[in-house]
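Structure file input17.pdb with PDB, C-alpha atoms:
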ATOM      1  CA  MET Q1042      99.512 179.346 148.176
ATOM      2  CA  ARG Q1043      99.510 180.185 144.469
ATOM      3  CA  ILE Q1044     101.923 182.855 143.271
ATOM      4  CA  LEU Q1045     102.448 184.410 139.862
ATOM      5  CA  PHE Q1046     105.948 185.806 139.616
ATOM      6  CA  VAL Q1047     106.640 188.368 136.901
ATOM      7  CA  LYS Q1048     110.315 188.619 135.965
ATOM      8  CA  LEU Q1049     110.711 188.916 132.223
ATOM      9  CA  SER Q1050     114.395 189.478 131.581
ATOM     10  CA  SER Q1051     117.428 189.761 131.395
ATOM     11  CA  MET Q1052     119.305 186.480 131.640
ATOM     12  CA  GLY Q1053     121.289 187.546 134.707
ATOM     13  CA  ASP Q1054     118.200 188.936 136.440
ATOM     14  CA  VAL Q1055     116.239 185.754 135.777
ATOM     15  CA  LEU Q1056     119.103 183.625 137.133
ATOM     16  CA  GLN Q1057     119.415 185.811 140.231
ATOM     17  CA  ALA Q1058     115.662 185.610 140.794
ATOM     18  CA  LEU Q1059     116.004 181.866 141.338
ATOM     19  CA  ALA Q1060     117.657 182.596 144.709
ATOM     20  CA  ALA Q1061     114.573 184.481 145.946
ATOM     21  CA  VAL Q1062     112.265 181.829 144.514
ATOM     22  CA  HIS Q1063     114.247 179.092 146.247
ATOM     23  CA  ASP Q1064     114.120 180.995 149.572
ATOM     24  CA  ALA Q1065     110.346 181.157 149.227
ATOM     25  CA  PHE Q1066     110.038 177.425 148.538
ATOM     26  CA  GLU Q1067     112.178 176.728 151.608
ATOM     27  CA  ALA Q1068     110.061 179.019 153.822
ATOM     28  CA  ILE Q1069     106.590 178.020 152.580
ATOM     29  CA  THR Q1070     105.953 174.342 151.995
ATOM     30  CA  ASP Q1071     102.652 174.568 150.079
ATOM     31  CA  LEU Q1072     103.862 177.142 147.578
ATOM     32  CA  GLU Q1073     103.030 176.915 143.872
ATOM     33  CA  ILE Q1074     104.783 179.416 141.597
ATOM     34  CA  ASP Q1075     103.994 180.189 137.979
ATOM     35  CA  TRP Q1076     106.478 182.492 136.253
ATOM     36  CA  VAL Q1077     105.975 185.067 133.493
ATOM     37  CA  VAL Q1078     109.304 185.176 131.676
ATOM     38  CA  ASP Q1079     110.518 186.319 128.269
ATOM     39  CA  GLU Q1080     110.502 183.477 125.759
ATOM     40  CA  SER Q1081     114.258 183.930 125.244
ATOM     41  CA  PHE Q1082     114.926 182.934 128.868
ATOM     42  CA  GLN Q1083     112.256 180.281 129.377
ATOM     43  CA  GLU Q1084     114.734 177.484 130.070
ATOM     44  CA  ILE Q1085     116.193 179.193 133.146
ATOM     45  CA  PRO Q1086     113.139 178.924 135.458
ATOM     46  CA  THR Q1087     112.699 175.270 134.446
ATOM     47  CA  LEU Q1088     116.064 174.538 136.074
ATOM     48  CA  HIS Q1089     114.270 174.832 139.410
ATOM     49  CA  PRO Q1090     112.264 171.631 139.904
ATOM     50  CA  LYS Q1091     109.421 173.323 141.821
ATOM     51  CA  ILE Q1092     108.445 175.969 139.252
ATOM     52  CA  HIS Q1093     104.929 174.986 138.258
ATOM     53  CA  ASN Q1094     104.130 176.729 134.927
ATOM     54  CA  LEU Q1095     105.639 179.308 132.619
ATOM     55  CA  ILE Q1096     103.725 182.032 130.832
ATOM     56  CA  LEU Q1097     105.677 183.382 127.884
ATOM     57  CA  PRO Q1098     105.032 186.826 126.466
ATOM     58  CA  HIS Q1099     106.598 187.581 123.103
ATOM     59  CA  HIS Q1100     106.686 191.276 123.972
ATOM     60  CA  ARG Q1101     109.828 192.090 121.983
ATOM     61  CA  LYS Q1102     108.110 190.908 118.794
ATOM     62  CA  TRP Q1103     104.732 192.423 119.710
ATOM     63  CA  ARG Q1104     106.057 195.931 120.169
ATOM     64  CA  THR Q1105     107.201 195.996 116.514
ATOM     65  CA  SER Q1106     103.612 195.648 115.292
ATOM     66  CA  PRO Q1107     100.908 195.264 117.961
ATOM     67  CA  ILE Q1108      98.140 195.243 115.344
ATOM     68  CA  LYS Q1109      99.778 192.439 113.391
ATOM     69  CA  TYR Q1110     100.197 190.328 116.554
ATOM     70  CA  ARG Q1111      96.896 191.210 118.215
ATOM     71  CA  LYS Q1112      95.672 187.594 118.203
ATOM     72  CA  GLU Q1113      98.889 186.445 119.892
ATOM     73  CA  ILE Q1114      98.593 189.247 122.436
ATOM     74  CA  TRP Q1115      94.971 188.274 123.075
ATOM     75  CA  GLN Q1116      95.966 184.611 123.621
ATOM     76  CA  PHE Q1117      98.654 185.702 126.084
ATOM     77  CA  CYS Q1118      96.133 187.817 127.992
ATOM     78  CA  LYS Q1119      93.690 184.908 128.117
ATOM     79  CA  LYS Q1120      96.373 182.597 129.507
ATOM     80  CA  LEU Q1121      97.522 185.250 131.969
ATOM     81  CA  ARG Q1122      93.974 185.643 133.301
ATOM     82  CA  SER Q1123      93.027 181.955 133.193
ATOM     83  CA  LYS Q1124      94.065 181.364 136.808
ATOM     84  CA  ARG Q1125      93.496 183.319 140.015
ATOM     85  CA  TYR Q1126      96.555 183.745 142.212
ATOM     86  CA  ASP Q1127      96.830 184.557 145.892
ATOM     87  CA  LEU Q1128      99.612 187.006 145.036
ATOM     88  CA  VAL Q1129     101.116 188.401 141.849
ATOM     89  CA  LEU Q1130     104.698 189.498 142.532
ATOM     90  CA  ASP Q1131     106.413 191.914 140.175
ATOM     91  CA  GLY Q1132     110.131 191.298 140.453
ATOM     92  CA  GLN Q1133     111.035 193.466 137.464
ATOM     93  CA  THR Q1134     109.244 196.708 138.455
ATOM     94  CA  ASN Q1135     109.286 198.434 135.101
ATOM     95  CA  TRP Q1136     106.265 199.530 133.074
ATOM     96  CA  LYS Q1137     106.037 196.269 131.055
ATOM     97  CA  SER Q1138     106.079 193.990 134.076
ATOM     98  CA  ALA Q1139     103.754 196.320 135.991
ATOM     99  CA  LEU Q1140     101.233 196.146 133.158
ATOM    100  CA  ILE Q1141     101.348 192.341 133.212
ATOM    101  CA  THR Q1142     101.008 192.383 137.008
ATOM    102  CA  PHE Q1143      98.072 194.788 136.838
ATOM    103  CA  PHE Q1144      96.139 192.642 134.348
ATOM    104  CA  SER Q1145      96.764 189.361 136.183
ATOM    105  CA  LYS Q1146      94.158 187.864 138.478
ATOM    106  CA  GLY Q1147      95.337 188.185 142.042
ATOM    107  CA  HIS Q1148      96.519 190.613 144.676
ATOM    108  CA  SER Q1149      99.361 192.576 143.054
ATOM    109  CA  VAL Q1150     102.503 193.228 145.068
ATOM    110  CA  GLY Q1151     105.437 195.341 143.996
ATOM    111  CA  LEU Q1152     107.838 197.920 145.271
ATOM    112  CA  ASP Q1153     106.960 201.379 146.549
ATOM    113  CA  LYS Q1154     107.694 204.536 144.571
ATOM    114  CA  HIS Q1155     111.144 204.894 146.134
ATOM    115  CA  SER Q1156     112.198 201.316 145.386
ATOM    116  CA  VAL Q1157     110.869 200.567 141.877
ATOM    117  CA  ARG Q1158     113.063 200.544 138.795
ATOM    118  CA  GLU Q1159     110.643 202.773 136.854
ATOM    119  CA  TYR Q1160     108.500 205.204 138.867
ATOM    120  CA  ILE Q1161     105.264 204.585 136.935
ATOM    121  CA  ALA Q1162     105.300 200.892 137.876
ATOM    122  CA  HIS Q1163     104.281 201.437 141.504
ATOM    123  CA  PHE Q1164     100.793 202.564 140.431
ATOM    124  CA  ALA Q1165     100.010 198.990 139.284
ATOM    125  CA  TYR Q1166     100.310 197.419 142.736
ATOM    126  CA  LYS Q1167      97.733 197.029 145.487
ATOM    127  CA  THR Q1168     100.528 196.455 148.003
ATOM    128  CA  ARG Q1169     103.712 198.509 147.702
ATOM    129  CA  LEU Q1170     106.726 197.458 149.725
ATOM    130  CA  PRO Q1171     109.859 199.428 150.568
ATOM    131  CA  VAL Q1172     113.082 197.570 149.816
ATOM    132  CA  CYS Q1173     116.547 199.023 150.244
ATOM    133  CA  ARG Q1174     118.010 199.967 146.871
ATOM    134  CA  ASN Q1175     121.601 200.050 148.138
ATOM    135  CA  GLN Q1176     122.198 196.319 147.864
ATOM    136  CA  HIS Q1177     122.964 193.789 145.183
ATOM    137  CA  ALA Q1178     119.995 193.008 142.902
ATOM    138  CA  LEU Q1179     119.943 189.412 144.127
ATOM    139  CA  GLU Q1180     119.624 190.516 147.775
ATOM    140  CA  HIS Q1181     117.114 193.193 146.759
ATOM    141  CA  LEU Q1182     114.844 190.508 145.300
ATOM    142  CA  ARG Q1183     115.343 188.170 148.264
ATOM    143  CA  GLU Q1184     114.232 190.983 150.578
ATOM    144  CA  PHE Q1185     111.216 191.734 148.381
ATOM    145  CA  PHE Q1186     110.108 188.081 148.427
ATOM    146  CA  SER Q1187     110.529 187.779 152.192
ATOM    147  CA  LYS Q1188     108.440 190.896 152.795
ATOM    148  CA  ALA Q1189     105.772 189.978 150.230
ATOM    149  CA  LEU Q1190     105.410 186.417 151.534
ATOM    150  CA  ASN Q1191     105.956 187.315 155.195
ATOM    151  CA  TYR Q1192     108.960 185.208 156.161
ATOM    152  CA  LYS Q1193     112.342 186.154 157.607
ATOM    153  CA  LYS Q1194     114.887 186.827 154.893
ATOM    154  CA  PRO Q1195     117.612 184.188 155.165
ATOM    155  CA  ASP Q1196     120.912 185.594 156.371
ATOM    156  CA  PHE Q1197     123.001 182.923 154.672
ATOM    157  CA  SER Q1198     124.427 182.801 151.155
ATOM    158  CA  PRO Q1199     121.809 182.227 148.491
ATOM    159  CA  SER Q1200     120.957 178.828 147.145
ATOM    160  CA  PHE Q1201     119.402 178.601 143.706
ATOM    161  CA  GLY Q1202     117.845 175.149 143.968
ATOM    162  CA  LEU Q1203     118.903 174.283 140.448
ATOM    163  CA  LYS Q1204     118.489 170.871 138.926
ATOM    164  CA  ILE Q1205     120.893 170.854 135.997
ATOM    165  CA  PRO Q1206     120.073 168.231 133.362
ATOM    166  CA  SER Q1207     122.764 165.675 132.723
ATOM    167  CA  LEU Q1208     124.629 165.950 129.441
ATOM    168  CA  ASP Q1209     124.484 162.143 129.208
ATOM    169  CA  ALA Q1210     120.675 162.304 128.957
ATOM    170  CA  GLN Q1211     120.852 163.847 125.496
TER     171      GLN Q1211
END
File written out as structure tokens:
Amino acid sequence: MRILFVKLSSMGDVLQALAAVHDAFEAITDLEIDWVVDESFQEIPTLHPKIHNLILPHHRKWRTSPIKYRKEIWQFCKKLRSKRYDLVLDGQTNWKSALITFFSKGHSVGLDKHSVREYIAHFAYKTRLPVCRNQHALEHLREFFSKALNYKKPDFSPSFGLKIPSLDAQ
């Protein structure tokens, strides 16, 4: 199963998302995950050995002058649409991530109008899932992944599946 996971920022959110990603890898053996993440945080997803590819938007720079960076934006869109995914999961649920999810190739999955971070985002999804908002963001994302990928949410403490590079290797 090929998944595109959209979680752009912030550093803490990207780190916490690794717990949900690791749960998914544990539950589904043939899973391949590509991740759309802000260029500033691109090293974090690579700490998980099973993340397949990264797609890096430079959205912070682009918003300053979209006309000036139109070629870069076009290249990003081409890369984003170069592969068809079984599911495109929006873990950020704001308008920027929803736009990326909407333009990706694959069945888009996000949160319903009561669960999203920004209300407008839910319009971008073909499947909208309810997830309890009254829980830690890490558990919120773990629940979203389990519902989107149809496995039982683990009831044990999260594991992040990190492979930290050795300092001796430098």
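If you look at CA of Lys1124 (chain Q) and CA of Ile1205 (chain Q), they are 28.8 Å away from each other.
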Hits from the PyMOL selection byres ((chain Q and resi 1199) around 6), listed as a PyMOL selection string: chain Q and resi 1060+1198+1200
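Put simply, CA of Arg1125 (chain Q) is 26.0 Å away from CA of Gln1057 (chain Q).
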Matched chain/residue IDs from the PyMOL selection byres ((chain Q and resi 1202) around 12), as a PyMOL selection string: chain Q and resi 1056-1067+1085-1092+1199-1201+1203-1205
Selection under test: the PyMOL selection byres ((chain Q and resi 1118-1121) around 9); residues as JSON, numbers by chain: {"Q": [1077, 1096, 1113, 1114, 1115, 1116, 1117, 1122, 1123, 1124, 1141, 1144, 1145, 1146]}
Just the selected residues (C-alpha atoms), exported as an mmCIF file, in the frame of the given file, please.
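Contents of the output file selection_31.cif:
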data_model
loop_
_atom_site.group_PDB
_atom_site.id
_atom_site.type_symbol
_atom_site.label_atom_id
_atom_site.label_comp_id
_atom_site.auth_asym_id
_atom_site.auth_seq_id
_atom_site.Cartn_x
_atom_site.Cartn_y
_atom_site.Cartn_z
ATOM 1 C CA VAL Q 1077 105.975 185.067 133.493
ATOM 2 C CA ILE Q 1096 103.725 182.032 130.832
ATOM 3 C CA GLU Q 1113 98.889 186.445 119.892
ATOM 4 C CA ILE Q 1114 98.593 189.247 122.436
ATOM 5 C CA TRP Q 1115 94.971 188.274 123.075
ATOM 6 C CA GLN Q 1116 95.966 184.611 123.621
ATOM 7 C CA PHE Q 1117 98.654 185.702 126.084
ATOM 8 C CA ARG Q 1122 93.974 185.643 133.301
ATOM 9 C CA SER Q 1123 93.027 181.955 133.193
ATOM 10 C CA LYS Q 1124 94.065 181.364 136.808
ATOM 11 C CA ILE Q 1141 101.348 192.341 133.212
ATOM 12 C CA PHE Q 1144 96.139 192.642 134.348
ATOM 13 C CA SER Q 1145 96.764 189.361 136.183
ATOM 14 C CA LYS Q 1146 94.158 187.864 138.478
#
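Nearest-residue note for Arg1111 (chain Q): choosing from Q:Leu1140, Q:Asp1127, Q:His1093, Q:His1099, the minimum distance belongs to Q:His1099, counting only C-alpha atoms.
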